[in-house]
Every structure is written in structure tokens, then in C-alpha cells.
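Below: one structure, written as C-alpha cells.
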Amino acid sequence: MGYDQNNIFAKILRGEIPAKKLYEDDYALAFADIHPRAPVHVLVIPKGPYVSFVDFSAKATPEEIAGFVRALGRVAHDLGLDAPGFRILSNAGANGGQEVPHFHVHLFGGKHLGPMLAA
Ligand code: 5GP
């Protein structure tokens, strides 16, 4: 599947749609999810045009992968989630329930998050 340059997160990266930005560097952008499912619900996305985790892992450069992973860890740390704990999750494709075709990691925290998956 090719990358859709008009997906919502591509528009956020280009500044065409506003977002509550929490962190940004050369490799990643973190912003608040518009429909939060936990007290803290942040989306962390790479800046490159990758559809999913498989696409990102196969095509991103080592620098992009390292930069993205470090940004994700930094955001979790800077939001104070390391000690109380948190959850990261990435939906992929139809079975994963992915809505936006730009690779993203959900970062949840701020309360006990319960079981890993809905029953
Ligand atoms: P997915 O189901 O693809 O893993 O998650 C997509 C997420 O993007 C959802 O949690 C949804 O609330 C969030 N989202 C969709 N549109 C927007 C938007 O325009 N702005 C922000 N900040 N989040 C969005």
C-alpha cells in the first residue's frame, strides 16, 4: 500500500491542520490525541512517509528509527510517565483497527490502564 500524502497526520506535519504539539525534533512529532482514551493520550509519529510499523521498520534509515525510538522514550519520560507506568500501542491495518495510514504510536498513561485488550 502506498503512502497517502493527504492523510490527517501528513496534514498535521505540514501544518495544514492544528494539533496540540508536545514535542518535536528532526525525526518525530508528538501531539495530543483529539479523542483521548486515557488521562494522557499522546500520538508519536515519525516525520517520514511510512504507513505502518512494518513499512517503517523496513524502509526508514537507522537514524530515523533511532531518532523515533528516542523521541518516544523522551516524551514518556518528560510527561512523567516512567515511574507510574504507561502503555504504548500501534494499530496496523484492518485487524489492528488502524484509522490513520501514517505510522503512529499511542502513548497512554495517567491511570491504571486495565487489561491489555478489550475482551
Ligand atoms: P488509529 O486507530 O489509526 O491507531 O488511531 C488514530 C488516532 O488518531 C485516533 O485515536 C484518533 O482519535 C486520532 N485522530 C484522528 N484525527 C485526528 C486529528 O485530526 N487530530 C488529532 N490530534 N488526533 C486525531
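By convention here, the chains of the C-alpha cells are called A, B, ... in the order presented, each chain's residues are numbered starting at 1, and ligands are numbered starting at 1 in the order presented.
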
Please tabulate, as JSON lines, the residues of chain A that come within 8 Å of ligand 1, each with its closest pair of atoms and the distance in Å to one decimal, counting only C-alpha atoms and all ligand atoms and ordering rows by chain, then residue number upward.
```
{"residue": "A:Ile8", "atom": "CA", "partner": "ligand 1", "partner_atom_place_in_ligand_line": "19 (O)", "distance": 5.8}
{"residue": "A:Phe9", "atom": "CA", "partner": "ligand 1", "partner_atom_place_in_ligand_line": "18 (C)", "distance": 7.2}
{"residue": "A:Ile12", "atom": "CA", "partner": "ligand 1", "partner_atom_place_in_ligand_line": "19 (O)", "distance": 7.6}
{"residue": "A:Ile17", "atom": "CA", "partner": "ligand 1", "partner_atom_place_in_ligand_line": "19 (O)", "distance": 7.1}
{"residue": "A:Pro18", "atom": "CA", "partner": "ligand 1", "partner_atom_place_in_ligand_line": "20 (N)", "distance": 7.5}
{"residue": "A:Ala19", "atom": "CA", "partner": "ligand 1", "partner_atom_place_in_ligand_line": "22 (N)", "distance": 5.3}
{"residue": "A:Lys20", "atom": "CA", "partner": "ligand 1", "partner_atom_place_in_ligand_line": "22 (N)", "distance": 6.8}
{"residue": "A:Phe31", "atom": "CA", "partner": "ligand 1", "partner_atom_place_in_ligand_line": "22 (N)", "distance": 6.2}
{"residue": "A:Ala32", "atom": "CA", "partner": "ligand 1", "partner_atom_place_in_ligand_line": "22 (N)", "distance": 5.2}
{"residue": "A:Asp33", "atom": "CA", "partner": "ligand 1", "partner_atom_place_in_ligand_line": "22 (N)", "distance": 4.1}
{"residue": "A:Ile34", "atom": "CA", "partner": "ligand 1", "partner_atom_place_in_ligand_line": "23 (N)", "distance": 4.0}
{"residue": "A:His35", "atom": "CA", "partner": "ligand 1", "partner_atom_place_in_ligand_line": "12 (O)", "distance": 4.3}
{"residue": "A:Pro36", "atom": "CA", "partner": "ligand 1", "partner_atom_place_in_ligand_line": "12 (O)", "distance": 6.6}
{"residue": "A:Arg37", "atom": "CA", "partner": "ligand 1", "partner_atom_place_in_ligand_line": "10 (O)", "distance": 7.7}
{"residue": "A:Leu43", "atom": "CA", "partner": "ligand 1", "partner_atom_place_in_ligand_line": "8 (O)", "distance": 7.4}
{"residue": "A:Ser90", "atom": "CA", "partner": "ligand 1", "partner_atom_place_in_ligand_line": "4 (O)", "distance": 6.0}
{"residue": "A:Asn91", "atom": "CA", "partner": "ligand 1", "partner_atom_place_in_ligand_line": "4 (O)", "distance": 4.5}
{"residue": "A:Ala92", "atom": "CA", "partner": "ligand 1", "partner_atom_place_in_ligand_line": "4 (O)", "distance": 7.1}
{"residue": "A:Gly96", "atom": "CA", "partner": "ligand 1", "partner_atom_place_in_ligand_line": "4 (O)", "distance": 7.7}
{"residue": "A:Gly97", "atom": "CA", "partner": "ligand 1", "partner_atom_place_in_ligand_line": "2 (O)", "distance": 5.4}
{"residue": "A:Gln98", "atom": "CA", "partner": "ligand 1", "partner_atom_place_in_ligand_line": "3 (O)", "distance": 3.7}
{"residue": "A:Glu99", "atom": "CA", "partner": "ligand 1", "partner_atom_place_in_ligand_line": "3 (O)", "distance": 3.4}
{"residue": "A:Val100", "atom": "CA", "partner": "ligand 1", "partner_atom_place_in_ligand_line": "3 (O)", "distance": 4.1}
{"residue": "A:Pro101", "atom": "CA", "partner": "ligand 1", "partner_atom_place_in_ligand_line": "3 (O)", "distance": 6.7}
{"residue": "A:His102", "atom": "CA", "partner": "ligand 1", "partner_atom_place_in_ligand_line": "3 (O)", "distance": 7.9}
{"residue": "A:His104", "atom": "CA", "partner": "ligand 1", "partner_atom_place_in_ligand_line": "4 (O)", "distance": 6.9}
{"residue": "A:Val105", "atom": "CA", "partner": "ligand 1", "partner_atom_place_in_ligand_line": "4 (O)", "distance": 7.5}
{"residue": "A:His106", "atom": "CA", "partner": "ligand 1", "partner_atom_place_in_ligand_line": "4 (O)", "distance": 7.1}
```

Restricted to N, CA, C and O atoms, what would the selected residues look like written as a JSON list (two decimals), in the first residue's frame?
```
[["chain", "number", "residue", "atom", "x", "y", "z"],
["A", 8, "ILE", "N", -4.48, 12.54, 7.56],
["A", 8, "ILE", "CA", -4.59, 13.61, 8.56],
["A", 8, "ILE", "C", -3.25, 13.94, 9.21],
["A", 8, "ILE", "O", -2.92, 15.11, 9.44],
["A", 9, "PHE", "N", -2.46, 12.91, 9.49],
["A", 9, "PHE", "CA", -1.19, 13.18, 10.18],
["A", 9, "PHE", "C", -0.18, 13.84, 9.24],
["A", 9, "PHE", "O", 0.66, 14.65, 9.70],
["A", 12, "ILE", "N", -1.08, 17.37, 9.51],
["A", 12, "ILE", "CA", -0.57, 17.94, 10.77],
["A", 12, "ILE", "C", 0.92, 18.23, 10.64],
["A", 12, "ILE", "O", 1.40, 19.30, 11.04],
["A", 17, "ILE", "N", -3.25, 21.38, 9.43],
["A", 17, "ILE", "CA", -4.28, 21.13, 10.45],
["A", 17, "ILE", "C", -3.62, 21.36, 11.80],
["A", 17, "ILE", "O", -2.49, 20.91, 12.02],
["A", 18, "PRO", "N", -4.29, 22.07, 12.71],
["A", 18, "PRO", "CA", -3.67, 22.33, 14.02],
["A", 18, "PRO", "C", -3.62, 21.07, 14.88],
["A", 18, "PRO", "O", -4.43, 20.16, 14.72],
["A", 19, "ALA", "N", -2.65, 21.04, 15.77],
["A", 19, "ALA", "CA", -2.55, 19.95, 16.75],
["A", 19, "ALA", "C", -1.90, 20.52, 18.00],
["A", 19, "ALA", "O", -1.13, 21.49, 17.93],
["A", 20, "LYS", "N", -2.23, 19.91, 19.14],
["A", 20, "LYS", "CA", -1.60, 20.32, 20.40],
["A", 20, "LYS", "C", -0.26, 19.60, 20.50],
["A", 20, "LYS", "O", -0.17, 18.48, 20.98],
["A", 31, "PHE", "N", 1.88, 14.71, 19.69],
["A", 31, "PHE", "CA", 0.76, 15.63, 19.89],
["A", 31, "PHE", "C", -0.37, 14.89, 20.58],
["A", 31, "PHE", "O", -0.47, 13.65, 20.53],
["A", 32, "ALA", "N", -1.25, 15.66, 21.20],
["A", 32, "ALA", "CA", -2.37, 15.07, 21.95],
["A", 32, "ALA", "C", -3.38, 14.46, 20.99],
["A", 32, "ALA", "O", -3.70, 15.05, 19.95],
["A", 33, "ASP", "N", -3.87, 13.26, 21.33],
["A", 33, "ASP", "CA", -4.94, 12.65, 20.54],
["A", 33, "ASP", "C", -6.21, 13.48, 20.69],
["A", 33, "ASP", "O", -6.55, 13.93, 21.79],
["A", 34, "ILE", "N", -6.92, 13.67, 19.58],
["A", 34, "ILE", "CA", -8.11, 14.53, 19.61],
["A", 34, "ILE", "C", -9.26, 13.89, 20.38],
["A", 34, "ILE", "O", -10.14, 14.60, 20.90],
["A", 35, "HIS", "N", -9.26, 12.56, 20.50],
["A", 35, "HIS", "CA", -10.28, 11.85, 21.29],
["A", 35, "HIS", "C", -9.57, 11.00, 22.34],
["A", 35, "HIS", "O", -9.45, 9.78, 22.17],
["A", 36, "PRO", "N", -9.11, 11.63, 23.44],
["A", 36, "PRO", "CA", -8.29, 10.89, 24.40],
["A", 36, "PRO", "C", -9.05, 9.74, 25.06],
["A", 36, "PRO", "O", -10.19, 9.90, 25.47],
["A", 37, "ARG", "N", -8.39, 8.59, 25.15],
["A", 37, "ARG", "CA", -8.97, 7.41, 25.78],
["A", 37, "ARG", "C", -8.36, 7.14, 27.15],
["A", 37, "ARG", "O", -8.63, 6.10, 27.77],
["A", 43, "LEU", "N", -0.04, 10.89, 20.70],
["A", 43, "LEU", "CA", 0.38, 10.18, 19.48],
["A", 43, "LEU", "C", 1.79, 10.62, 19.14],
["A", 43, "LEU", "O", 2.08, 11.82, 19.14],
["A", 90, "SER", "N", 0.54, 0.35, 18.87],
["A", 90, "SER", "CA", 0.44, 0.80, 17.48],
["A", 90, "SER", "C", -0.49, -0.13, 16.71],
["A", 90, "SER", "O", -0.22, -1.33, 16.58],
["A", 91, "ASN", "N", -1.57, 0.43, 16.23],
["A", 91, "ASN", "CA", -2.52, -0.33, 15.42],
["A", 91, "ASN", "C", -2.02, -0.39, 13.99],
["A", 91, "ASN", "O", -1.50, 0.60, 13.45],
["A", 92, "ALA", "N", -2.21, -1.55, 13.35],
["A", 92, "ALA", "CA", -1.79, -1.71, 11.95],
["A", 92, "ALA", "C", -2.86, -2.44, 11.16],
["A", 92, "ALA", "O", -3.33, -3.51, 11.58],
["A", 96, "GLY", "N", -5.91, -4.57, 13.04],
["A", 96, "GLY", "CA", -5.42, -3.74, 14.13],
["A", 96, "GLY", "C", -6.30, -2.53, 14.40],
["A", 96, "GLY", "O", -6.10, -1.84, 15.40],
["A", 97, "GLY", "N", -7.24, -2.25, 13.49],
["A", 97, "GLY", "CA", -8.12, -1.10, 13.68],
["A", 97, "GLY", "C", -7.44, 0.22, 13.36],
["A", 97, "GLY", "O", -7.85, 1.27, 13.87],
["A", 98, "GLN", "N", -6.43, 0.21, 12.49],
["A", 98, "GLN", "CA", -5.73, 1.46, 12.15],
["A", 98, "GLN", "C", -6.65, 2.35, 11.32],
["A", 98, "GLN", "O", -7.17, 1.94, 10.28],
["A", 99, "GLU", "N", -6.82, 3.59, 11.80],
["A", 99, "GLU", "CA", -7.67, 4.56, 11.10],
["A", 99, "GLU", "C", -6.85, 5.51, 10.24],
["A", 99, "GLU", "O", -7.31, 5.93, 9.17],
["A", 100, "VAL", "N", -5.71, 5.89, 10.72],
["A", 100, "VAL", "CA", -4.90, 6.88, 10.00],
["A", 100, "VAL", "C", -3.67, 6.18, 9.43],
["A", 100, "VAL", "O", -2.86, 5.62, 10.18],
["A", 101, "PRO", "N", -3.51, 6.23, 8.08],
["A", 101, "PRO", "CA", -2.44, 5.47, 7.45],
["A", 101, "PRO", "C", -1.08, 6.17, 7.44],
["A", 101, "PRO", "O", -0.43, 6.30, 6.40],
["A", 102, "HIS", "N", -0.69, 6.68, 8.59],
["A", 102, "HIS", "CA", 0.66, 7.18, 8.84],
["A", 102, "HIS", "C", 1.09, 6.51, 10.14],
["A", 102, "HIS", "O", 0.39, 6.68, 11.16],
["A", 104, "HIS", "N", 2.00, 5.44, 13.61],
["A", 104, "HIS", "CA", 1.93, 6.20, 14.86],
["A", 104, "HIS", "C", 1.91, 5.25, 16.03],
["A", 104, "HIS", "O", 1.41, 4.13, 15.94],
["A", 105, "VAL", "N", 2.43, 5.74, 17.13],
["A", 105, "VAL", "CA", 2.38, 5.00, 18.39],
["A", 105, "VAL", "C", 1.54, 5.80, 19.36],
["A", 105, "VAL", "O", 1.76, 7.00, 19.56],
["A", 106, "HIS", "N", 0.55, 5.12, 19.93],
["A", 106, "HIS", "CA", -0.26, 5.72, 21.00],
["A", 106, "HIS", "C", 0.52, 5.56, 22.31],
["A", 106, "HIS", "O", 1.04, 4.48, 22.61]]
```

Mind the document's chain letters and residue numbers, and return as a ChimeraX atom specification the residues of chain A that DSSP labels helix (DSSP H, G or I).
-> /A:8-13,53-59,62-78,93-96

Looking at A:Pro39, A:Gly80, A:Pro115, A:Gly93, which one is nearest to A:Val54, with distances taken over only C-alpha atoms?
-> A:Gly93

Could you check how far atom CA of A:Tyr3 sits from atom CA of A:Val51, in Å to one decimal?
->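 Atom-to-atom, atom CA of A:Tyr3 and atom CA of A:Val51 are spaced 5.8 Å apart.
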
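A straight line drawn from atom CA of A:Gly109 to atom CA of A:Ala66 is 23.0 Å long.
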
Could you jot down the atom CA of A:Ala118 to atom CA of A:Val42 separation for me, Å, one decimal place?
-> 19.7 Å

Write out as a ChimeraX atom specification each polymer residue whose atoms come within 10 Å of A:Leu72, counting only C-alpha atoms; drop sequence neighbours fewer than 2 positions from it.
-> /A:23,28-30,43-46,66-70,74-78,88,105-107

Just the strand (DSSP E) stuff from stretch 31-73 of chain A, please, per backbone DSSP, written as a list in words.
->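 Checking each residue of stretch 31-73 of chain A, the strand (DSSP E) ones are Phe31, Ala32, Val40, His41, Val42, Leu43, Val44, Ile45 and Pro46 of chain A.
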
Just the selected residues (N, CA, C and O atoms), exported as an mmCIF file, in the first residue's frame, please.
```cif
data_model
loop_
_atom_site.group_PDB
_atom_site.id
_atom_site.type_symbol
_atom_site.label_atom_id
_atom_site.label_comp_id
_atom_site.auth_asym_id
_atom_site.auth_seq_id
_atom_site.Cartn_x
_atom_site.Cartn_y
_atom_site.Cartn_z
ATOM 1 N N PHE A 31 1.884 14.708 19.693
ATOM 2 C CA PHE A 31 0.764 15.626 19.887
ATOM 3 C C PHE A 31 -0.371 14.889 20.578
ATOM 4 O O PHE A 31 -0.466 13.649 20.531
ATOM 5 N N ALA A 32 -1.246 15.660 21.197
ATOM 6 C CA ALA A 32 -2.367 15.072 21.947
ATOM 7 C C ALA A 32 -3.380 14.460 20.986
ATOM 8 O O ALA A 32 -3.703 15.054 19.948
ATOM 9 N N VAL A 40 -3.786 10.690 29.944
ATOM 10 C CA VAL A 40 -2.730 11.062 29.000
ATOM 11 C C VAL A 40 -2.895 10.178 27.772
ATOM 12 O O VAL A 40 -2.912 8.938 27.885
ATOM 13 N N HIS A 41 -3.079 10.774 26.614
ATOM 14 C CA HIS A 41 -3.167 10.022 25.357
ATOM 15 C C HIS A 41 -2.480 10.850 24.291
ATOM 16 O O HIS A 41 -3.036 11.836 23.788
ATOM 17 N N VAL A 42 -1.273 10.437 23.987
ATOM 18 C CA VAL A 42 -0.424 11.177 23.055
ATOM 19 C C VAL A 42 -0.124 10.283 21.863
ATOM 20 O O VAL A 42 0.015 9.062 21.999
ATOM 21 N N LEU A 43 -0.041 10.888 20.696
ATOM 22 C CA LEU A 43 0.377 10.181 19.484
ATOM 23 C C LEU A 43 1.794 10.621 19.142
ATOM 24 O O LEU A 43 2.085 11.823 19.141
ATOM 25 N N VAL A 44 2.647 9.651 18.890
ATOM 26 C CA VAL A 44 4.018 9.956 18.483
ATOM 27 C C VAL A 44 4.199 9.393 17.084
ATOM 28 O O VAL A 44 3.931 8.204 16.845
ATOM 29 N N ILE A 45 4.610 10.259 16.161
ATOM 30 C CA ILE A 45 4.718 9.846 14.755
ATOM 31 C C ILE A 45 6.098 10.196 14.208
ATOM 32 O O ILE A 45 6.693 11.212 14.593
ATOM 33 N N PRO A 46 6.607 9.354 13.300
ATOM 34 C CA PRO A 46 7.833 9.742 12.604
ATOM 35 C C PRO A 46 7.518 10.817 11.576
ATOM 36 O O PRO A 46 6.381 10.928 11.110
#
```
